[in-house]
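**Student:** Here you go, work.txt (compact mmCIF, N, CA and C atoms):
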```
# COMPACT_ATOMS: atom_id res chain seq x y z
N MET A 1 124.53 76.36 21.77
CA MET A 1 124.41 77.29 22.88
C MET A 1 124.94 76.63 24.14
N ASP A 2 125.75 77.36 24.84
CA ASP A 2 126.25 76.85 26.11
C ASP A 2 125.42 77.44 27.26
N LYS A 3 125.84 77.14 28.48
CA LYS A 3 125.09 77.57 29.66
C LYS A 3 124.94 79.09 29.71
N LEU A 4 126.02 79.82 29.41
CA LEU A 4 125.95 81.29 29.47
C LEU A 4 124.99 81.83 28.41
N ASP A 5 125.02 81.27 27.21
CA ASP A 5 124.07 81.69 26.17
C ASP A 5 122.63 81.47 26.65
N ARG A 6 122.37 80.32 27.25
CA ARG A 6 121.01 80.03 27.73
C ARG A 6 120.60 81.01 28.82
N GLN A 7 121.55 81.39 29.69
CA GLN A 7 121.24 82.36 30.75
C GLN A 7 120.94 83.73 30.14
N ILE A 8 121.68 84.11 29.13
CA ILE A 8 121.44 85.39 28.46
C ILE A 8 120.07 85.37 27.78
N VAL A 9 119.77 84.29 27.09
CA VAL A 9 118.46 84.17 26.44
C VAL A 9 117.34 84.24 27.46
N ALA A 10 117.50 83.56 28.58
CA ALA A 10 116.48 83.59 29.63
C ALA A 10 116.28 85.01 30.15
N ALA A 11 117.37 85.75 30.31
CA ALA A 11 117.27 87.14 30.77
C ALA A 11 116.53 87.99 29.74
N LEU A 12 116.83 87.78 28.47
CA LEU A 12 116.16 88.54 27.41
C LEU A 12 114.69 88.15 27.28
N GLN A 13 114.38 86.88 27.51
CA GLN A 13 112.98 86.46 27.46
C GLN A 13 112.19 87.10 28.59
N HIS A 14 112.83 87.29 29.72
CA HIS A 14 112.17 87.93 30.85
C HIS A 14 111.99 89.42 30.59
N ASN A 15 113.03 90.07 30.03
CA ASN A 15 112.96 91.50 29.76
C ASN A 15 113.95 91.82 28.65
N ALA A 16 113.48 91.86 27.42
CA ALA A 16 114.36 92.09 26.27
C ALA A 16 114.95 93.50 26.25
N ARG A 17 114.42 94.39 27.07
CA ARG A 17 114.91 95.76 27.11
C ARG A 17 115.96 95.98 28.19
N GLU A 18 116.24 94.95 28.98
CA GLU A 18 117.25 95.10 30.03
C GLU A 18 118.61 95.34 29.40
N SER A 19 119.39 96.23 29.98
CA SER A 19 120.69 96.58 29.41
C SER A 19 121.66 95.41 29.52
N THR A 20 122.59 95.37 28.57
CA THR A 20 123.61 94.32 28.63
C THR A 20 124.46 94.48 29.89
N THR A 21 124.60 95.70 30.37
CA THR A 21 125.36 95.94 31.61
C THR A 21 124.69 95.24 32.79
N LYS A 22 123.37 95.37 32.92
CA LYS A 22 122.66 94.73 34.03
C LYS A 22 122.71 93.21 33.91
N ILE A 23 122.53 92.71 32.69
CA ILE A 23 122.59 91.25 32.48
C ILE A 23 123.98 90.74 32.85
N ALA A 24 125.01 91.44 32.39
CA ALA A 24 126.39 91.03 32.67
C ALA A 24 126.68 91.03 34.16
N THR A 25 126.22 92.06 34.85
CA THR A 25 126.45 92.14 36.30
C THR A 25 125.79 90.97 37.01
N ARG A 26 124.54 90.67 36.64
CA ARG A 26 123.82 89.57 37.28
C ARG A 26 124.48 88.22 36.99
N LEU A 27 125.05 88.06 35.78
CA LEU A 27 125.66 86.78 35.42
C LEU A 27 127.14 86.71 35.79
N GLY A 28 127.71 87.82 36.23
CA GLY A 28 129.11 87.82 36.65
C GLY A 28 130.10 87.76 35.50
N VAL A 29 129.75 88.38 34.36
CA VAL A 29 130.66 88.42 33.21
C VAL A 29 130.76 89.86 32.72
N ALA A 30 131.67 90.10 31.79
CA ALA A 30 131.86 91.44 31.24
C ALA A 30 130.69 91.82 30.32
N ARG A 31 130.41 93.12 30.29
CA ARG A 31 129.35 93.62 29.42
C ARG A 31 129.62 93.27 27.96
N THR A 32 130.89 93.37 27.55
CA THR A 32 131.23 93.06 26.16
C THR A 32 130.96 91.59 25.83
N THR A 33 131.14 90.72 26.80
CA THR A 33 130.85 89.29 26.60
C THR A 33 129.37 89.10 26.27
N VAL A 34 128.51 89.73 27.07
CA VAL A 34 127.07 89.62 26.83
C VAL A 34 126.72 90.22 25.48
N HIS A 35 127.25 91.41 25.19
CA HIS A 35 126.96 92.08 23.92
C HIS A 35 127.38 91.22 22.72
N GLU A 36 128.60 90.67 22.78
CA GLU A 36 129.11 89.85 21.67
C GLU A 36 128.32 88.56 21.52
N ARG A 37 127.93 87.96 22.62
CA ARG A 37 127.16 86.71 22.53
C ARG A 37 125.77 86.97 21.96
N ILE A 38 125.14 88.07 22.36
CA ILE A 38 123.83 88.42 21.79
C ILE A 38 123.98 88.64 20.28
N ALA A 39 125.00 89.40 19.88
CA ALA A 39 125.22 89.67 18.45
C ALA A 39 125.45 88.36 17.69
N ARG A 40 126.21 87.45 18.26
CA ARG A 40 126.49 86.17 17.61
C ARG A 40 125.20 85.34 17.49
N MET A 41 124.40 85.32 18.55
CA MET A 41 123.14 84.55 18.49
C MET A 41 122.16 85.17 17.50
N GLU A 42 122.17 86.49 17.38
CA GLU A 42 121.33 87.15 16.37
C GLU A 42 121.81 86.79 14.97
N ALA A 43 123.11 86.82 14.74
CA ALA A 43 123.68 86.50 13.42
C ALA A 43 123.41 85.06 13.01
N ARG A 44 123.45 84.15 13.99
CA ARG A 44 123.20 82.73 13.70
C ARG A 44 121.72 82.40 13.60
N GLY A 45 120.86 83.36 13.96
CA GLY A 45 119.42 83.12 13.90
C GLY A 45 118.86 82.47 15.14
N VAL A 46 119.70 82.27 16.16
CA VAL A 46 119.20 81.72 17.42
C VAL A 46 118.19 82.70 18.02
N ILE A 47 118.57 83.98 18.02
CA ILE A 47 117.63 85.04 18.41
C ILE A 47 117.09 85.61 17.10
N ALA A 48 115.82 85.36 16.86
CA ALA A 48 115.21 85.75 15.59
C ALA A 48 114.63 87.16 15.63
N GLY A 49 114.43 87.70 16.82
CA GLY A 49 113.87 89.04 16.90
C GLY A 49 113.36 89.32 18.30
N TYR A 50 112.80 90.49 18.45
CA TYR A 50 112.26 90.94 19.73
C TYR A 50 110.85 91.43 19.48
N SER A 51 109.99 91.32 20.48
CA SER A 51 108.61 91.75 20.27
C SER A 51 108.02 92.31 21.56
N VAL A 52 106.89 92.95 21.40
CA VAL A 52 106.14 93.48 22.53
C VAL A 52 105.01 92.52 22.82
N VAL A 53 104.84 92.14 24.08
CA VAL A 53 103.75 91.24 24.47
C VAL A 53 102.77 92.05 25.29
N LEU A 54 101.54 92.15 24.81
CA LEU A 54 100.51 92.88 25.52
C LEU A 54 99.74 91.93 26.41
N ARG A 55 99.51 92.32 27.62
CA ARG A 55 98.72 91.52 28.56
C ARG A 55 97.25 91.80 28.33
N GLU A 56 96.46 90.77 28.49
CA GLU A 56 95.00 90.94 28.41
C GLU A 56 94.54 91.73 29.62
N PRO A 57 93.56 92.61 29.45
CA PRO A 57 93.04 93.32 30.62
C PRO A 57 92.50 92.33 31.66
N GLN A 58 92.69 92.65 32.93
CA GLN A 58 92.28 91.75 34.00
C GLN A 58 90.78 91.48 34.00
N ASP A 59 89.98 92.47 33.61
CA ASP A 59 88.53 92.27 33.62
C ASP A 59 88.07 91.40 32.46
N ASP A 60 88.93 91.11 31.52
CA ASP A 60 88.59 90.30 30.35
C ASP A 60 89.14 88.89 30.54
N SER A 61 88.84 88.29 31.69
CA SER A 61 89.39 86.97 31.99
C SER A 61 88.77 85.92 31.08
N LYS A 62 89.59 84.97 30.72
CA LYS A 62 89.15 83.88 29.85
C LYS A 62 89.42 82.55 30.53
N VAL A 63 88.66 81.58 30.15
CA VAL A 63 88.84 80.22 30.62
C VAL A 63 89.71 79.50 29.59
N GLN A 64 90.68 78.75 30.08
CA GLN A 64 91.58 78.03 29.18
C GLN A 64 91.47 76.54 29.43
N VAL A 65 91.53 75.77 28.35
CA VAL A 65 91.55 74.31 28.45
C VAL A 65 92.68 73.76 27.60
N VAL A 66 93.13 72.58 27.98
CA VAL A 66 94.04 71.80 27.17
C VAL A 66 93.24 70.59 26.70
N VAL A 67 93.26 70.35 25.39
CA VAL A 67 92.50 69.24 24.82
C VAL A 67 93.47 68.31 24.11
N LEU A 68 93.40 67.04 24.47
CA LEU A 68 94.18 66.02 23.78
C LEU A 68 93.29 65.34 22.77
N LEU A 69 93.81 65.14 21.55
CA LEU A 69 93.04 64.47 20.49
C LEU A 69 93.78 63.22 20.03
N GLU A 70 93.04 62.13 19.96
CA GLU A 70 93.55 60.93 19.29
C GLU A 70 92.91 60.94 17.91
N VAL A 71 93.75 60.88 16.87
CA VAL A 71 93.23 60.99 15.51
C VAL A 71 93.72 59.82 14.65
N GLN A 72 92.98 59.56 13.59
CA GLN A 72 93.44 58.59 12.61
C GLN A 72 94.60 59.23 11.85
N GLN A 73 95.73 58.56 11.83
CA GLN A 73 96.95 59.14 11.27
C GLN A 73 96.76 59.69 9.87
N LYS A 74 96.07 58.97 9.01
CA LYS A 74 95.91 59.42 7.62
C LYS A 74 95.05 60.68 7.52
N GLU A 75 94.35 61.03 8.58
CA GLU A 75 93.47 62.21 8.58
C GLU A 75 94.10 63.42 9.28
N THR A 76 95.32 63.27 9.79
CA THR A 76 95.93 64.32 10.61
C THR A 76 95.98 65.67 9.90
N ALA A 77 96.47 65.72 8.69
CA ALA A 77 96.62 67.00 7.97
C ALA A 77 95.26 67.66 7.76
N ARG A 78 94.26 66.87 7.41
CA ARG A 78 92.92 67.42 7.18
C ARG A 78 92.32 67.94 8.48
N ILE A 79 92.54 67.22 9.56
CA ILE A 79 92.03 67.64 10.88
C ILE A 79 92.69 68.95 11.31
N ILE A 80 93.99 69.05 11.14
CA ILE A 80 94.69 70.28 11.52
C ILE A 80 94.16 71.45 10.70
N LYS A 81 93.89 71.24 9.44
CA LYS A 81 93.31 72.30 8.60
C LYS A 81 91.97 72.75 9.17
N ARG A 82 91.15 71.80 9.63
CA ARG A 82 89.86 72.15 10.26
C ARG A 82 90.06 72.93 11.55
N LEU A 83 91.06 72.54 12.33
CA LEU A 83 91.32 73.20 13.61
C LEU A 83 91.68 74.67 13.42
N GLU A 84 92.32 75.00 12.30
CA GLU A 84 92.71 76.39 12.02
C GLU A 84 91.51 77.31 11.95
N ALA A 85 90.32 76.78 11.71
CA ALA A 85 89.11 77.59 11.58
C ALA A 85 88.54 78.02 12.93
N TYR A 86 89.04 77.44 14.01
CA TYR A 86 88.53 77.77 15.35
C TYR A 86 89.41 78.84 16.00
N PRO A 87 88.91 80.07 16.16
CA PRO A 87 89.73 81.12 16.77
C PRO A 87 90.03 80.85 18.25
N GLU A 88 89.25 80.01 18.89
CA GLU A 88 89.50 79.68 20.31
C GLU A 88 90.78 78.88 20.49
N ILE A 89 91.20 78.15 19.45
CA ILE A 89 92.41 77.33 19.54
C ILE A 89 93.62 78.22 19.32
N LYS A 90 94.45 78.32 20.35
CA LYS A 90 95.62 79.19 20.31
C LYS A 90 96.90 78.44 19.99
N LEU A 91 96.90 77.12 20.20
CA LEU A 91 98.11 76.33 20.03
C LEU A 91 97.73 74.91 19.66
N CYS A 92 98.45 74.32 18.71
CA CYS A 92 98.26 72.91 18.35
C CYS A 92 99.65 72.29 18.22
N LEU A 93 99.90 71.29 19.05
CA LEU A 93 101.18 70.59 19.04
C LEU A 93 100.98 69.14 18.65
N SER A 94 101.85 68.62 17.84
CA SER A 94 101.87 67.19 17.51
C SER A 94 102.70 66.50 18.59
N ILE A 95 102.13 65.47 19.20
CA ILE A 95 102.81 64.81 20.32
C ILE A 95 102.86 63.30 20.09
N ASN A 96 103.68 62.62 20.89
CA ASN A 96 103.71 61.16 20.83
C ASN A 96 102.94 60.60 22.02
N GLY A 97 102.67 59.32 21.97
CA GLY A 97 101.99 58.68 23.08
C GLY A 97 100.58 58.28 22.73
N GLU A 98 99.76 58.20 23.74
CA GLU A 98 98.38 57.75 23.59
C GLU A 98 97.55 58.69 22.71
N PHE A 99 97.87 59.99 22.74
CA PHE A 99 97.17 60.99 21.93
C PHE A 99 98.13 61.54 20.88
N ASP A 100 97.56 62.19 19.87
CA ASP A 100 98.35 62.66 18.74
C ASP A 100 98.53 64.17 18.70
N LEU A 101 97.52 64.90 19.16
CA LEU A 101 97.56 66.36 19.12
C LEU A 101 97.23 66.93 20.49
N LEU A 102 97.92 68.00 20.88
CA LEU A 102 97.63 68.73 22.10
C LEU A 102 97.21 70.13 21.70
N LEU A 103 96.03 70.54 22.13
CA LEU A 103 95.50 71.86 21.80
C LEU A 103 95.39 72.69 23.07
N SER A 104 95.65 73.98 22.94
CA SER A 104 95.35 74.93 23.99
C SER A 104 94.29 75.86 23.42
N ALA A 105 93.19 76.01 24.16
CA ALA A 105 92.09 76.84 23.68
C ALA A 105 91.60 77.72 24.81
N GLU A 106 91.06 78.90 24.44
CA GLU A 106 90.50 79.78 25.46
C GLU A 106 89.27 80.49 24.91
N ALA A 107 88.38 80.81 25.84
CA ALA A 107 87.14 81.49 25.51
C ALA A 107 86.65 82.21 26.76
N PRO A 108 85.72 83.15 26.60
CA PRO A 108 85.22 83.89 27.76
C PRO A 108 84.47 83.02 28.77
N ARG A 109 83.81 81.97 28.29
CA ARG A 109 83.00 81.16 29.20
C ARG A 109 83.32 79.68 29.02
N ILE A 110 83.20 78.92 30.08
CA ILE A 110 83.43 77.48 30.01
C ILE A 110 82.42 76.80 29.08
N GLU A 111 81.22 77.37 29.01
CA GLU A 111 80.20 76.81 28.12
C GLU A 111 80.63 76.88 26.66
N ASP A 112 81.34 77.94 26.29
CA ASP A 112 81.85 78.06 24.92
C ASP A 112 82.86 76.96 24.63
N LEU A 113 83.68 76.65 25.61
CA LEU A 113 84.69 75.60 25.42
C LEU A 113 84.05 74.21 25.41
N ASP A 114 82.97 74.04 26.14
CA ASP A 114 82.23 72.78 26.12
C ASP A 114 81.70 72.52 24.71
N ILE A 115 81.15 73.55 24.09
CA ILE A 115 80.66 73.42 22.71
C ILE A 115 81.82 73.11 21.77
N LEU A 116 82.95 73.82 21.96
CA LEU A 116 84.13 73.59 21.12
C LEU A 116 84.57 72.13 21.20
N VAL A 117 84.69 71.60 22.41
CA VAL A 117 85.16 70.22 22.58
C VAL A 117 84.18 69.24 21.93
N ASP A 118 82.89 69.49 22.05
CA ASP A 118 81.89 68.64 21.37
C ASP A 118 82.10 68.68 19.86
N GLU A 119 82.34 69.86 19.32
CA GLU A 119 82.56 70.00 17.88
C GLU A 119 83.85 69.30 17.44
N LEU A 120 84.90 69.42 18.26
CA LEU A 120 86.16 68.75 17.94
C LEU A 120 85.98 67.24 17.89
N GLY A 121 85.22 66.72 18.84
CA GLY A 121 84.98 65.28 18.88
C GLY A 121 84.18 64.77 17.69
N ALA A 122 83.43 65.68 17.05
CA ALA A 122 82.60 65.29 15.91
C ALA A 122 83.33 65.39 14.57
N ILE A 123 84.55 65.91 14.56
CA ILE A 123 85.31 66.00 13.32
C ILE A 123 85.66 64.59 12.85
N PRO A 124 85.35 64.26 11.58
CA PRO A 124 85.70 62.94 11.08
C PRO A 124 87.20 62.68 11.21
N GLY A 125 87.55 61.53 11.77
CA GLY A 125 88.94 61.17 11.98
C GLY A 125 89.41 61.38 13.41
N VAL A 126 88.65 62.18 14.19
CA VAL A 126 88.98 62.34 15.61
C VAL A 126 88.35 61.15 16.34
N GLN A 127 89.17 60.34 16.95
CA GLN A 127 88.69 59.12 17.59
C GLN A 127 88.32 59.34 19.05
N ARG A 128 89.04 60.27 19.72
CA ARG A 128 88.81 60.45 21.14
C ARG A 128 89.40 61.78 21.58
N THR A 129 88.77 62.40 22.59
CA THR A 129 89.30 63.63 23.18
C THR A 129 89.44 63.44 24.69
N ASN A 130 90.31 64.25 25.28
CA ASN A 130 90.44 64.31 26.73
C ASN A 130 90.75 65.77 27.06
N THR A 131 89.97 66.35 27.96
CA THR A 131 90.04 67.79 28.21
C THR A 131 90.42 68.09 29.66
N PHE A 132 91.26 69.11 29.82
CA PHE A 132 91.71 69.56 31.14
C PHE A 132 91.49 71.07 31.24
N VAL A 133 90.88 71.52 32.33
CA VAL A 133 90.72 72.94 32.57
C VAL A 133 91.99 73.46 33.24
N VAL A 134 92.49 74.59 32.75
CA VAL A 134 93.69 75.20 33.30
C VAL A 134 93.30 76.10 34.47
N PHE A 135 93.90 75.85 35.63
CA PHE A 135 93.62 76.66 36.82
C PHE A 135 94.48 77.92 36.86
N GLY A 136 95.69 77.84 36.33
CA GLY A 136 96.58 79.00 36.36
C GLY A 136 97.86 78.72 35.62
N ARG A 137 98.57 79.79 35.29
CA ARG A 137 99.86 79.69 34.61
C ARG A 137 100.96 79.88 35.63
N ARG A 138 101.85 78.93 35.75
CA ARG A 138 102.93 79.01 36.74
C ARG A 138 104.20 79.57 36.09
N ILE A 139 104.44 79.24 34.84
CA ILE A 139 105.53 79.82 34.06
C ILE A 139 104.94 80.18 32.71
N ASP A 140 105.13 81.42 32.29
CA ASP A 140 104.54 81.87 31.03
C ASP A 140 105.58 82.70 30.28
N ARG A 141 106.23 82.10 29.31
CA ARG A 141 107.23 82.80 28.50
C ARG A 141 106.69 83.15 27.13
N ILE A 142 105.42 82.96 26.94
CA ILE A 142 104.83 83.25 25.62
C ILE A 142 104.44 84.70 25.53
```
Go ahead and express the file in the form of structure tokens.
**Tutor:**
Amino acid sequence: MDKLDRQIVAALQHNARESTTKIATRLGVARTTVHERIARMEARGVIAGYSVVLREPQDDSKVQVVVLLEVQQKETARIIKRLEAYPEIKLCLSINGEFDLLLSAEAPRIEDLDILVDELGAIPGVQRTNTFVVFGRRIDRI
């Protein structure tokens, strides 16, 4: 992907329903260029599909935390399997550095997340946790 492809993808991530004409005008290229590049990225699997993202109702606010886990390497697969059982955990990333896993979790109350973090720390093979409360989302492409 070159710079123009990345700009087209960014435009589609912001609004996948925006016309190729509007995208082309904003990027200063021909509509056919945008159309052909989108078709090529779809054919190559760079663009795998389009979806509808529903926003949570404003009155249903949730508290979000990021939890870092240091785990015993030989237990990683088993720990991840255990993490799948927690509906509060929305994301689990394998990372390098001092910690091994980065989790994003959300629940209606901070007390629920406090219990979750205590339970995570008690999983055999989890050596240490570090938790951060999320104050807000500054960029959200999910």
**Student:** Measuring between only N, CA and C atoms, which one of A:Leu103, A:Ile8, A:Ala16, A:Leu120 shows the shortest distance to Leu91 of chain A?
**Tutor:**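 Closest residue, counting only N, CA and C atoms: A:Leu103.
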**Student:** If you measure from atom C of Ile79 of chain A to atom C of Gln64 of chain A, what distance in Å do you get, rounded to one decimal?
**Tutor:**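 Atom C of Ile79 of chain A sits 19.7 Å away from atom C of Gln64 of chain A.
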**Student:** Using all atoms listed in the file, which of A:Asn96, A:Thr32, A:Ser104, A:Thr20 sits nearest Val67 of chain A?
**Tutor:**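 Answer, going by the shortest atom-to-atom distance: A:Ser104.
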**Student:** Given the point (97.9, 62.5, 23.1) in the file's coordinates, find the residues that have an atom at most 8 Å from it, counting all atoms listed in the file, and give them as a ChimeraX atom specification.
**Tutor:** /A:67-71,94-102
**Student:** Restricting the calculation to only C-alpha atoms, which member of A:Val117, A:Gln73, A:Val65, A:Lys81 is positioned closest to Ala105 of chain A?
**Tutor:**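 Looking only at the distances to Ala105 of chain A, the closest residue turns out to be A:Val65.
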**Student:** Go ahead and compute the interatomic distance for atom CA of Ala107 of chain A and atom CA of Glu88 of chain A, in Å to one decimal.
**Tutor:**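 It comes out at 6.0 Å.
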**Student:** Which residue, A:Val134, A:Leu4, A:Ile80, A:Ile89, has the smallest gap to Val34 of chain A when you use only C-alpha atoms?
**Tutor:**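 Answer, going by the shortest atom-to-atom distance: A:Leu4.
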**Student:** DSSP on the backbone: what in segment 91-140 of chain A comes out alpha helix (DSSP H), as a list in words?
**Tutor:**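 Those residues are Ile110, Glu111, Asp112, Leu113, Asp114, Ile115, Leu116, Val117, Asp118, Glu119, Leu120 and Gly121 of chain A.
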**Student:** At what distance in Å, to one decimal, does atom C of Arg82 of chain A lie from atom CA of Ile115 of chain A?
**Tutor:** 14.6 Å
**Student:** So, counting all atoms listed in the file, which residue among A:Val52, A:Asp114, A:Arg137, A:Gln7 is closest to Leu27 of chain A?
**Tutor:**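 Of A:Val52, A:Asp114, A:Arg137, A:Gln7, the one nearest Leu27 of chain A is A:Gln7, counting all atoms listed in the file.
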**Student:** Could you pull out the strand (DSSP E or B) residues of segment 39-141 of chain A, going by DSSP on the backbone, and write them as JSON, numbers by chain?
**Tutor:** {"A": [63, 64, 65, 66, 67, 68, 69, 70, 71, 89, 90, 91, 92, 93, 94, 101, 102, 103, 104, 105, 106, 107, 126, 127, 128, 129, 130, 131, 132, 133]}
**Student:** Here is a test: counting only C-alpha atoms, which residue of A:Ile139, A:Ile23, A:Leu93, A:Val63 is nearest to Leu113 of chain A?
**Tutor:**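 Using only C-alpha atoms, Leu113 of chain A sits closest to A:Val63.
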